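S.K.: File work06.cif follows (mmCIF, C-alpha atoms and all ligand atoms):
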```cif
data_upload
loop_
_atom_site.label_atom_id
_atom_site.label_comp_id
_atom_site.auth_asym_id
_atom_site.auth_seq_id
_atom_site.Cartn_x
_atom_site.Cartn_y
_atom_site.Cartn_z
CA MET A 228 31.10 0.44 5.04
CA THR A 229 28.10 -1.88 5.11
CA VAL A 230 25.48 -1.30 7.78
CA SER A 231 24.34 -4.55 9.37
CA PRO A 232 20.58 -5.03 9.73
CA PRO A 233 19.02 -4.35 13.14
CA GLU A 234 18.42 -7.21 15.59
CA SER A 235 14.71 -6.47 15.60
CA VAL A 236 12.16 -4.21 13.91
CA THR A 237 8.66 -3.33 15.03
CA ILE A 238 6.19 -3.05 12.19
CA GLY A 239 2.80 -1.52 12.90
CA VAL A 240 -0.35 -2.45 11.03
CA LEU A 241 -2.99 0.26 11.16
CA ALA A 242 -5.93 -1.53 12.78
CA LEU A 243 -8.85 0.90 12.56
CA GLN A 244 -10.88 -0.83 9.84
CA GLY A 245 -10.38 -3.37 7.08
CA ALA A 246 -8.07 -6.35 6.55
CA PHE A 247 -5.42 -5.70 9.23
CA ILE A 248 -5.17 -9.01 11.09
CA GLU A 249 -4.07 -10.85 7.95
CA HIS A 250 -1.16 -8.42 7.48
CA ILE A 251 0.00 -9.12 11.04
CA HIS A 252 -0.02 -12.87 10.31
CA TYR A 253 1.85 -12.44 7.02
CA LEU A 254 4.50 -10.19 8.59
CA GLU A 255 5.03 -12.81 11.29
CA ARG A 256 5.91 -15.26 8.50
CA VAL A 257 8.71 -12.97 7.25
CA GLN A 258 11.84 -13.64 9.25
CA PRO A 259 14.93 -12.31 7.49
CA GLN A 260 18.24 -13.71 8.65
CA GLY A 261 19.58 -11.82 11.65
CA THR A 262 16.47 -9.71 12.30
CA THR A 263 13.36 -10.46 14.35
CA VAL A 264 10.22 -8.92 12.87
CA LYS A 265 7.61 -7.96 15.44
CA ALA A 266 4.19 -6.98 14.06
CA ILE A 267 1.77 -4.96 16.21
CA ALA A 268 -1.69 -3.48 15.72
CA VAL A 269 -1.74 0.35 15.72
CA ARG A 270 -4.77 2.24 17.04
CA THR A 271 -3.19 5.12 18.96
CA PRO A 272 -0.34 7.65 18.49
CA GLU A 273 1.48 5.90 21.35
CA GLU A 274 1.43 2.58 19.47
CA LEU A 275 2.57 4.32 16.28
CA ALA A 276 5.51 5.81 18.17
CA LEU A 277 6.76 2.25 18.85
CA CYS A 278 6.96 1.45 15.13
CA ASP A 279 9.89 1.48 12.74
CA ALA A 280 7.57 0.91 9.77
CA LEU A 281 3.84 0.82 9.00
CA VAL A 282 1.36 -1.12 6.87
CA ILE A 283 -1.89 0.61 5.88
CA PRO A 284 -4.36 -2.15 5.01
CA GLY A 285 -7.19 -2.36 2.53
CA GLY A 286 -10.70 -1.52 3.64
CA GLU A 287 -12.44 1.77 3.01
CA SER A 288 -10.14 4.77 2.75
CA THR A 289 -12.79 7.30 3.80
CA ALA A 290 -13.76 5.21 6.85
CA ILE A 291 -10.11 4.75 7.88
CA THR A 292 -9.54 8.52 7.76
CA ARG A 293 -12.76 9.19 9.66
CA VAL A 294 -11.88 6.76 12.46
CA ALA A 295 -8.29 8.08 12.62
CA ALA A 296 -9.61 11.64 12.97
CA ARG A 297 -11.75 10.57 15.95
CA THR A 298 -8.78 9.20 17.89
CA HIS A 299 -7.00 12.01 19.69
CA GLY A 300 -3.76 12.94 17.90
CA LEU A 301 -3.75 9.90 15.60
CA LEU A 302 -4.41 11.48 12.20
CA PRO A 303 -1.64 14.13 12.45
CA ALA A 304 0.78 11.48 13.77
CA LEU A 305 -0.08 9.17 10.84
CA ILE A 306 0.35 11.97 8.31
CA GLU A 307 3.72 12.89 9.80
CA PHE A 308 4.86 9.25 9.76
CA VAL A 309 3.58 8.41 6.29
CA SER A 310 4.81 11.58 4.57
CA ASN A 311 8.35 11.24 5.99
CA PRO A 312 10.45 9.72 3.15
CA SER A 313 12.73 7.92 5.62
CA ARG A 314 9.81 5.94 7.13
CA PRO A 315 9.02 2.60 5.45
CA VAL A 316 5.29 2.40 4.68
CA TYR A 317 3.34 -0.15 2.65
CA GLY A 318 -0.21 0.68 1.53
CA THR A 319 -2.54 -1.95 0.07
CA CYS A 320 -5.68 -0.95 -1.83
CA ALA A 321 -7.35 1.61 0.50
CA GLY A 322 -3.84 2.13 1.95
CA MET A 323 -2.59 2.99 -1.54
CA ILE A 324 -5.41 5.53 -1.91
CA LEU A 325 -4.46 7.13 1.42
CA MET A 326 -0.81 7.44 0.34
CA ALA A 327 -1.64 9.06 -3.03
CA ASP A 328 -1.29 12.77 -3.72
CA ASP A 329 -4.53 13.03 -5.62
CA VAL A 330 -7.60 10.81 -5.75
CA GLY A 331 -10.48 10.59 -8.22
CA GLY A 332 -13.58 8.45 -8.27
CA GLY A 333 -14.93 9.36 -4.84
CA LYS A 334 -18.38 10.80 -4.25
CA ARG A 335 -16.92 14.11 -3.17
CA LYS A 336 -13.74 15.75 -4.42
CA GLY A 337 -10.97 15.08 -1.94
CA ASP A 338 -12.55 11.87 -0.60
CA GLY A 339 -9.79 9.73 0.85
CA GLY A 340 -6.09 10.17 0.26
CA ARG A 341 -3.41 12.73 0.89
CA TRP A 342 -1.66 11.33 3.93
CA GLY A 343 1.41 11.57 1.71
CA GLY A 344 4.09 9.05 0.99
CA MET A 345 3.76 8.44 -2.75
CA ARG A 346 4.72 11.78 -4.19
CA GLY A 347 3.05 12.78 -7.44
CA LEU A 348 0.88 9.65 -7.53
CA LYS A 349 -2.68 10.08 -8.68
CA VAL A 350 -5.12 7.21 -8.31
CA TRP A 351 -8.69 6.51 -9.29
CA ARG A 352 -10.88 4.68 -6.75
CA ASN A 353 -12.90 1.57 -7.61
CA LEU A 354 -11.74 1.57 -11.23
CA TYR A 355 -11.41 -2.21 -11.29
CA GLY A 356 -15.14 -2.51 -10.59
CA GLY A 357 -17.38 -2.93 -7.54
CA GLN A 358 -17.40 -5.73 -4.97
CA LEU A 359 -19.09 -8.18 -7.38
CA GLU A 360 -16.42 -7.58 -10.04
CA SER A 361 -13.63 -8.63 -7.64
CA PHE A 362 -11.11 -10.76 -9.50
CA GLU A 363 -7.85 -12.65 -9.19
CA CYS A 364 -4.94 -12.57 -11.60
CA PRO A 365 -1.81 -14.73 -11.29
CA MET A 366 1.11 -12.45 -12.17
CA VAL A 367 4.82 -13.00 -12.52
CA ILE A 368 6.39 -10.22 -10.44
CA PRO A 369 10.12 -10.21 -11.22
CA CYS A 370 11.29 -8.49 -8.01
CA LEU A 371 9.90 -11.33 -5.85
CA LYS A 372 11.84 -14.45 -4.92
CA GLY A 373 10.99 -17.54 -6.96
CA SER A 374 9.49 -17.62 -10.41
CA GLU A 375 5.99 -18.84 -9.57
CA PRO A 376 3.21 -16.35 -10.29
CA PHE A 377 1.77 -14.34 -7.41
CA ASN A 378 -2.02 -14.55 -7.16
CA THR A 379 -3.09 -10.90 -7.03
CA ILE A 380 -6.59 -10.25 -5.65
CA PHE A 381 -8.50 -7.09 -6.56
CA ILE A 382 -11.48 -5.93 -4.48
CA ARG A 383 -12.93 -2.52 -5.41
CA ALA A 384 -9.36 -1.67 -6.22
CA PRO A 385 -7.86 1.69 -7.16
CA ALA A 386 -6.02 2.17 -10.45
CA VAL A 387 -2.95 4.26 -11.05
CA HIS A 388 -3.93 7.32 -13.07
CA SER A 389 -0.62 9.13 -13.48
CA LEU A 390 2.59 10.23 -11.83
CA THR A 391 3.93 13.75 -11.79
CA GLY A 392 7.09 15.37 -10.51
CA GLU A 393 10.69 14.39 -10.09
CA VAL A 394 10.46 11.53 -7.63
CA GLU A 395 11.84 8.27 -8.97
CA THR A 396 9.13 5.60 -9.04
CA GLU A 397 9.59 1.94 -9.88
CA VAL A 398 6.64 0.15 -11.45
CA LEU A 399 7.13 -3.37 -10.09
CA ALA A 400 4.00 -4.99 -11.53
CA ALA A 401 1.36 -4.19 -14.14
CA LEU A 402 -1.72 -6.15 -15.13
CA PRO A 403 -1.69 -7.71 -18.56
CA GLU A 404 -3.97 -6.21 -21.17
CA GLY A 405 -7.46 -7.62 -20.90
CA CYS A 406 -7.34 -7.55 -17.10
CA VAL A 407 -7.09 -3.78 -17.21
CA ALA A 408 -9.91 -1.55 -16.12
CA ALA A 409 -11.36 1.10 -18.35
CA PRO A 410 -9.05 4.12 -18.33
CA PRO A 411 -10.22 7.00 -16.18
CA PRO A 412 -12.31 9.51 -18.13
CA ASN A 413 -10.23 12.21 -19.78
CA ASP A 414 -12.41 14.93 -18.33
CA SER A 415 -11.66 13.70 -14.81
CA PRO A 416 -10.60 16.34 -12.27
CA LEU A 417 -7.21 14.60 -12.31
CA GLY A 418 -6.70 15.45 -15.97
CA GLU A 419 -5.38 13.18 -18.70
CA PRO A 420 -4.52 9.64 -17.58
CA ASP A 421 -1.03 8.41 -18.39
CA VAL A 422 -1.60 5.54 -20.82
CA GLN A 423 1.88 4.13 -20.19
CA LEU A 424 0.89 3.53 -16.58
CA THR A 425 -2.43 1.86 -17.37
CA GLY A 426 -2.50 -1.36 -15.39
CA ALA A 427 0.36 -0.46 -13.00
CA VAL A 428 -0.57 -2.14 -9.72
CA MET A 429 2.62 -2.22 -7.63
CA LEU A 430 4.83 0.84 -7.27
CA ARG A 431 7.79 1.76 -5.12
CA GLN A 432 9.31 5.10 -4.18
CA GLY A 433 12.31 4.42 -1.95
CA ARG A 434 11.00 3.04 1.33
CA LYS A 435 7.37 3.34 0.23
CA LEU A 436 5.45 0.57 -1.52
CA VAL A 437 1.84 0.49 -2.73
CA THR A 438 -0.25 -2.23 -4.36
CA SER A 439 -3.77 -1.95 -5.80
CA PHE A 440 -4.35 -5.57 -4.79
CA HIS A 441 -4.58 -7.48 -1.52
CA PRO A 442 -1.46 -9.66 -1.03
CA GLU A 443 -2.60 -10.67 2.47
CA LEU A 444 -5.40 -12.82 1.01
CA SER A 445 -3.21 -14.74 -1.42
CA GLY A 446 -1.60 -17.27 0.92
CA ASP A 447 1.78 -15.99 -0.33
CA ALA A 448 3.99 -13.77 1.88
CA ARG A 449 6.50 -12.81 -0.84
CA ILE A 450 5.32 -9.21 -1.20
CA HIS A 451 5.58 -8.66 2.55
CA GLU A 452 9.01 -10.30 2.40
CA TYR A 453 10.07 -7.97 -0.44
CA TRP A 454 8.92 -4.84 1.41
CA VAL A 455 10.53 -5.87 4.72
CA GLU A 456 13.83 -6.81 3.09
CA LYS A 457 14.15 -3.93 0.59
CA CYS A 458 12.21 -1.01 2.06
CA VAL A 459 12.38 -1.65 5.82
CA LEU A 460 15.83 -3.25 6.19
CA GLY A 461 17.39 -1.94 2.97
CA LEU A 462 18.97 -5.35 2.22
N1 LIG B 1 -12.69 1.04 -2.72
C1 LIG B 1 -12.05 1.19 -1.42
C2 LIG B 1 -11.77 2.67 -1.14
O1 LIG B 1 -12.11 3.50 -1.90
C3 LIG B 1 -10.80 0.36 -1.35
C4 LIG B 1 -11.12 -1.11 -1.42
C5 LIG B 1 -10.15 -1.99 -0.75
O2 LIG B 1 -9.29 -1.58 0.04
N2 LIG B 1 -10.30 -3.27 -0.99
O3 LIG B 1 -11.21 2.98 -0.15
#
```
Could you spell out this file's structure in structure tokens?

M.R.:
Amino acid sequence: MTVSPPESVTIGVLALQGAFIEHIHYLERVQPQGTTVKAIAVRTPEELALCDALVIPGGESTAITRVAARTHGLLPALIEFVSNPSRPVYGTCAGMILMADDVGGGKRKGDGGRWGGMRGLKVWRNLYGGQLESFECPMVIPCLKGSEPFNTIFIRAPAVHSLTGEVETEVLAALPEGCVAAPPPNDSPLGEPDVQLTGAVMLRQGRKLVTSFHPELSGDARIHEYWVEKCVLGL
């Protein structure tokens, strides 16, 4: 039996800090056949409760957590939503950090991260350099529609350090050699980096997707389209 897609889905974009408005505009451009996509800003647990799926934008992961903790009931509701494997969630840059299980590169141990979602994923903050080292890299991402390269944009971006555990993870895009940041130091609190994952910048675990880069600044809505179609609607 095939399950037909729902008539409409409500996708929340966490709107506490960072690049959230762009995600709303990009989601509005994704209109799969038979389903109306409604994108809303999320700032309260009540707004989150209206959502079938959630985008956590880029920005500053520590600031996003701090603001969420100040809004009554929001942080526990976010953690419950994001860590539930049946909930579709897409984290970009700071959002990826928040969905990781372990995070290095912060000023204090435990800075940012651990809302859940990407099980066994360890990331390293700011490994692709500071604000002034922001860069773009056109990449062919085979899971997207069309063969033209996607212009990935990296701003103080996190790198994938390693993956542990049994959860199946698809690496959907990796930077070519030369674009890749220095590997995390071996004596990092996260332990040995996984060299095979060096440069991985787009990963999926079931209904969860993370990217180190900012797709909402590229002018190209194909990553949002991929996430909505595959992870939200299961097409
Ligand atoms: N460096 C930021 C952090 O640690 C993320 C940067 C971004 O989202 N563009 O949260």

S.K.: Residues within 6 Å of ligand LIG 1 (chain B), counting all atoms listed in the file: report them as a PyMOL selection string.

M.R.: chain A and resi 285-288+320-321+352-353+382-384

S.K.: For each of A:Ala268, A:Val367, A:Leu348, A:Leu241, take the minimum atom-to-atom distance to A:Ile283, counting all atoms listed in the file, then give the residue where this is smallest.

M.R.: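 The shortest atom-to-atom distance to A:Ile283 comes from A:Leu241.
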
S.K.: Which residue gives the smallest distance to A:Ser235 among A:Glu274, A:Ser389, A:Glu363, A:Val455, with all atoms listed in the file counted?

M.R.: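 Closest to A:Ser235 of all the choices is A:Val455.
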
S.K.: Under the rule that only C-alpha atoms are counted, which of A:Thr271, A:Thr391, A:Thr262, A:Thr396 is the nearest residue to A:Leu301?

M.R.: A:Thr271

S.K.: What is the distance between atom CA of A:Leu359 and atom CA of A:Arg431, in Å to one decimal?

M.R.: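 Between atom CA of A:Leu359 and atom CA of A:Arg431 the gap works out to 28.7 Å.
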
S.K.: Looking at all atoms listed in the file, which of A:Phe308, A:Phe247, A:Trp351, A:Tyr317 is the one that sits closest to A:Pro420?

M.R.: A:Trp351

S.K.: Work out how far apart atom CA of A:Val387 and atom CA of A:His451 are and give it in Å to one decimal.

M.R.: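 Atom-to-atom, atom CA of A:Val387 and atom CA of A:His451 are spaced 20.6 Å apart.
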
S.K.: Skipping near chain neighbours, those fewer than 5 positions away, what residues fall within 6 Å of A:Thr237 using only C-alpha atoms, listed as a count of residues only?

M.R.: 4

S.K.: Quick one, how far is atom CA of A:Ser313 from atom CA of A:Leu417?

M.R.: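 Distance reported for this atom pair: 27.6 Å.
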
S.K.: What are the closest atom pairs, with distances in Å to one decimal, for all residues of stretch 311-406 of chain A lying within 9 Å of stretch 440-447 of chain A? Consider only C-alpha atoms, order rows by chain and residue number, and present the result as a Markdown table.

M.R.:
```
| residue | atom | partner | partner_atom | distance |
| --- | --- | --- | --- | --- |
| A:Thr319 | CA | A:His441 | CA | 6.1 |
| A:Cys320 | CA | A:Phe440 | CA | 5.6 |
| A:Phe377 | CA | A:Asp447 | CA | 7.3 |
| A:Asn378 | CA | A:Ser445 | CA | 5.9 |
| A:Thr379 | CA | A:Phe440 | CA | 5.9 |
| A:Ile380 | CA | A:Phe440 | CA | 5.3 |
| A:Phe381 | CA | A:Phe440 | CA | 4.8 |
| A:Ile382 | CA | A:Phe440 | CA | 7.1 |
| A:Ala384 | CA | A:Phe440 | CA | 6.5 |
| A:Pro385 | CA | A:Phe440 | CA | 8.4 |
```

S.K.: Give the answer as one residue: which of A:Met366, A:Ala280, A:Ala304, A:Val294 has the shortest atom-to-atom distance to A:Arg434, using all atoms listed in the file?

M.R.: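 Nearest candidate to A:Arg434 out of A:Met366, A:Ala280, A:Ala304, A:Val294: A:Ala280.
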